[in-house]
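Here the structure is laid out as structure tokens; the discussion comes afterwards.
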Amino acid sequence: MESNYDEDLNDNTFFQILQQTHFELFQKATLDGWVICVPRSGSLPKYALSHEDFFNHILIPSDELPETHFRSLNDKDVRICNRVVTVEPGSNSSPFSTHVLFEETFYTEDMLKYKVL
């Protein structure tokens with residue numbers, strides 16, 4: 001994947017569904033300053049997205065290291081370092097890593113800012 005990859009998030013199915021169908025979750029994430037990880041359009045599954053899919057992609061910053069250490073809404077430890085997102089292994093899983101293609105700061109109508117990766 002090229003490092004200059006760009007995608008209009010307003011056309012991204014995941015982001016649209018989060019904002020429209022899961023508005024309360026989206027609103028909570030923006031009000032609390034959580035990070036929303038939006039999958040690239042081409043990587044989205046062919047099945048309907050579930051609550052678990054959205055919970056996997058919303059990160060709560062840690063109190064100690066809020067720029068690099070997070071916890072997903074599905075209670076998974078996540079690190080972001082050098083534009084790489086790593087989901088730490090759980091008892092039944094191995095670690096998973098993916099590259100951050102871009103980062104954007106958005107603002108709500110009330111001028112609250114939130115970060116989208």
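Chain labels A, B, ... are given in the sequence in which chains occur in the structure tokens; within each chain residues are numbered consecutively from 1, and ligands are likewise numbered from 1 in the order shown.
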
Exercise. As JSON, numbers by chain, please: all residues of chain A that backbone DSSP puts in alpha helix (DSSP H).
Key: {"A": [13, 14, 15, 16, 17, 18, 19, 20, 23, 24, 25, 26, 27, 28, 29, 30, 31, 32, 51, 52, 53, 54, 55, 56]}

Any chance you could export the current selection's C-alpha atoms as a PDB file, in the first residue's frame?
ATOM      1  CA  THR A  13     -19.299   2.466   4.575  1.00  0.00           C
ATOM      2  CA  PHE A  14     -17.963   1.737   8.076  1.00  0.00           C
ATOM      3  CA  PHE A  15     -17.825   5.436   8.979  1.00  0.00           C
ATOM      4  CA  GLN A  16     -21.271   6.116   7.486  1.00  0.00           C
ATOM      5  CA  ILE A  17     -22.909   3.232   9.383  1.00  0.00           C
ATOM      6  CA  LEU A  18     -21.194   4.269  12.623  1.00  0.00           C
ATOM      7  CA  GLN A  19     -22.489   7.834  12.271  1.00  0.00           C
ATOM      8  CA  GLN A  20     -26.010   6.910  11.153  1.00  0.00           C
ATOM      9  CA  PHE A  23     -25.192   7.336  16.427  1.00  0.00           C
ATOM     10  CA  GLU A  24     -25.199   6.966  20.237  1.00  0.00           C
ATOM     11  CA  LEU A  25     -21.893   5.078  20.118  1.00  0.00           C
ATOM     12  CA  PHE A  26     -20.433   7.625  17.682  1.00  0.00           C
ATOM     13  CA  GLN A  27     -21.607  10.493  19.897  1.00  0.00           C
ATOM     14  CA  LYS A  28     -20.130   8.884  23.043  1.00  0.00           C
ATOM     15  CA  ALA A  29     -16.797   8.365  21.259  1.00  0.00           C
ATOM     16  CA  THR A  30     -16.631  11.985  20.120  1.00  0.00           C
ATOM     17  CA  LEU A  31     -17.739  13.432  23.473  1.00  0.00           C
ATOM     18  CA  ASP A  32     -15.214  11.351  25.430  1.00  0.00           C
ATOM     19  CA  HIS A  51     -21.679  -4.182  17.198  1.00  0.00           C
ATOM     20  CA  GLU A  52     -18.503  -6.180  17.828  1.00  0.00           C
ATOM     21  CA  ASP A  53     -16.955  -4.815  14.625  1.00  0.00           C
ATOM     22  CA  PHE A  54     -17.540  -1.254  15.809  1.00  0.00           C
ATOM     23  CA  PHE A  55     -16.400  -2.020  19.375  1.00  0.00           C
ATOM     24  CA  ASN A  56     -13.143  -3.438  17.964  1.00  0.00           C
TER      25      ASN A  56
END

Quiz item: Could you pull the residues within 7 Å of Phe96 in chain A, counting only C-alpha atoms, minus those fewer than 3 positions along the same chain, as a PyMOL selection string?
Solution: chain A and resi 86-88

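With only C-alpha atoms as the basis for measurement, A:Thr21 is the residue among A:Ser94, A:Thr68, A:Asn10, A:Thr21 that approaches Leu49 in chain A most closely.
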
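Residue nearest Glu104 in chain A, chosen from A:Asn92, A:Leu117, A:Trp34, A:Gly42 and counting only C-alpha atoms: A:Leu117.
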
Exercise. Pick out each residue of range 2-117 of chain A that DSSP on the backbone tags as strand (DSSP E or B); I need them as a PyMOL selection string.
Key: chain A and resi 35-36+58-61+69-72+77-81+84-87+96-99+104-107+113-116

Exercise. Could you check which of A:Thr98, A:Asn12, A:Ser62, A:Ser41 is closest to Asp77 in chain A, using only C-alpha atoms?
Key: A:Ser62

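Nearest to Pro61 in chain A of all the residues A:Val35, A:Ala48, A:Leu73, A:Val85 is A:Val35, counting only C-alpha atoms.
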
Exercise. Could you tell me how far CA of Gly33 in chain A lies from CA of Ser93 in chain A, in Å and to one decimal?
Key: 28.0 Å

Quiz prompt | Top pick for closest residue to Ser97 in chain A, considering A:Ile58, A:Ser50, A:Val78, A:Asp110 and counting only C-alpha atoms | solution =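 Counting only C-alpha atoms, the residue closest to Ser97 in chain A is A:Val78.
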
Exercise. Go through A:His99, A:Asp63, A:Tyr114, A:Asp8 one by one, measure the shortest atom-to-atom distance of each to Ile80 in chain A using only C-alpha atoms, and give the residue with the smallest value.
Key: A:His99

Quiz item: When you draw a straight line from CA of Pro66 in chain A to CA of Met111 in chain A, how long is it in Å?
Solution: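 According to the coordinates, CA of Pro66 in chain A and CA of Met111 in chain A are separated by 21.3 Å.
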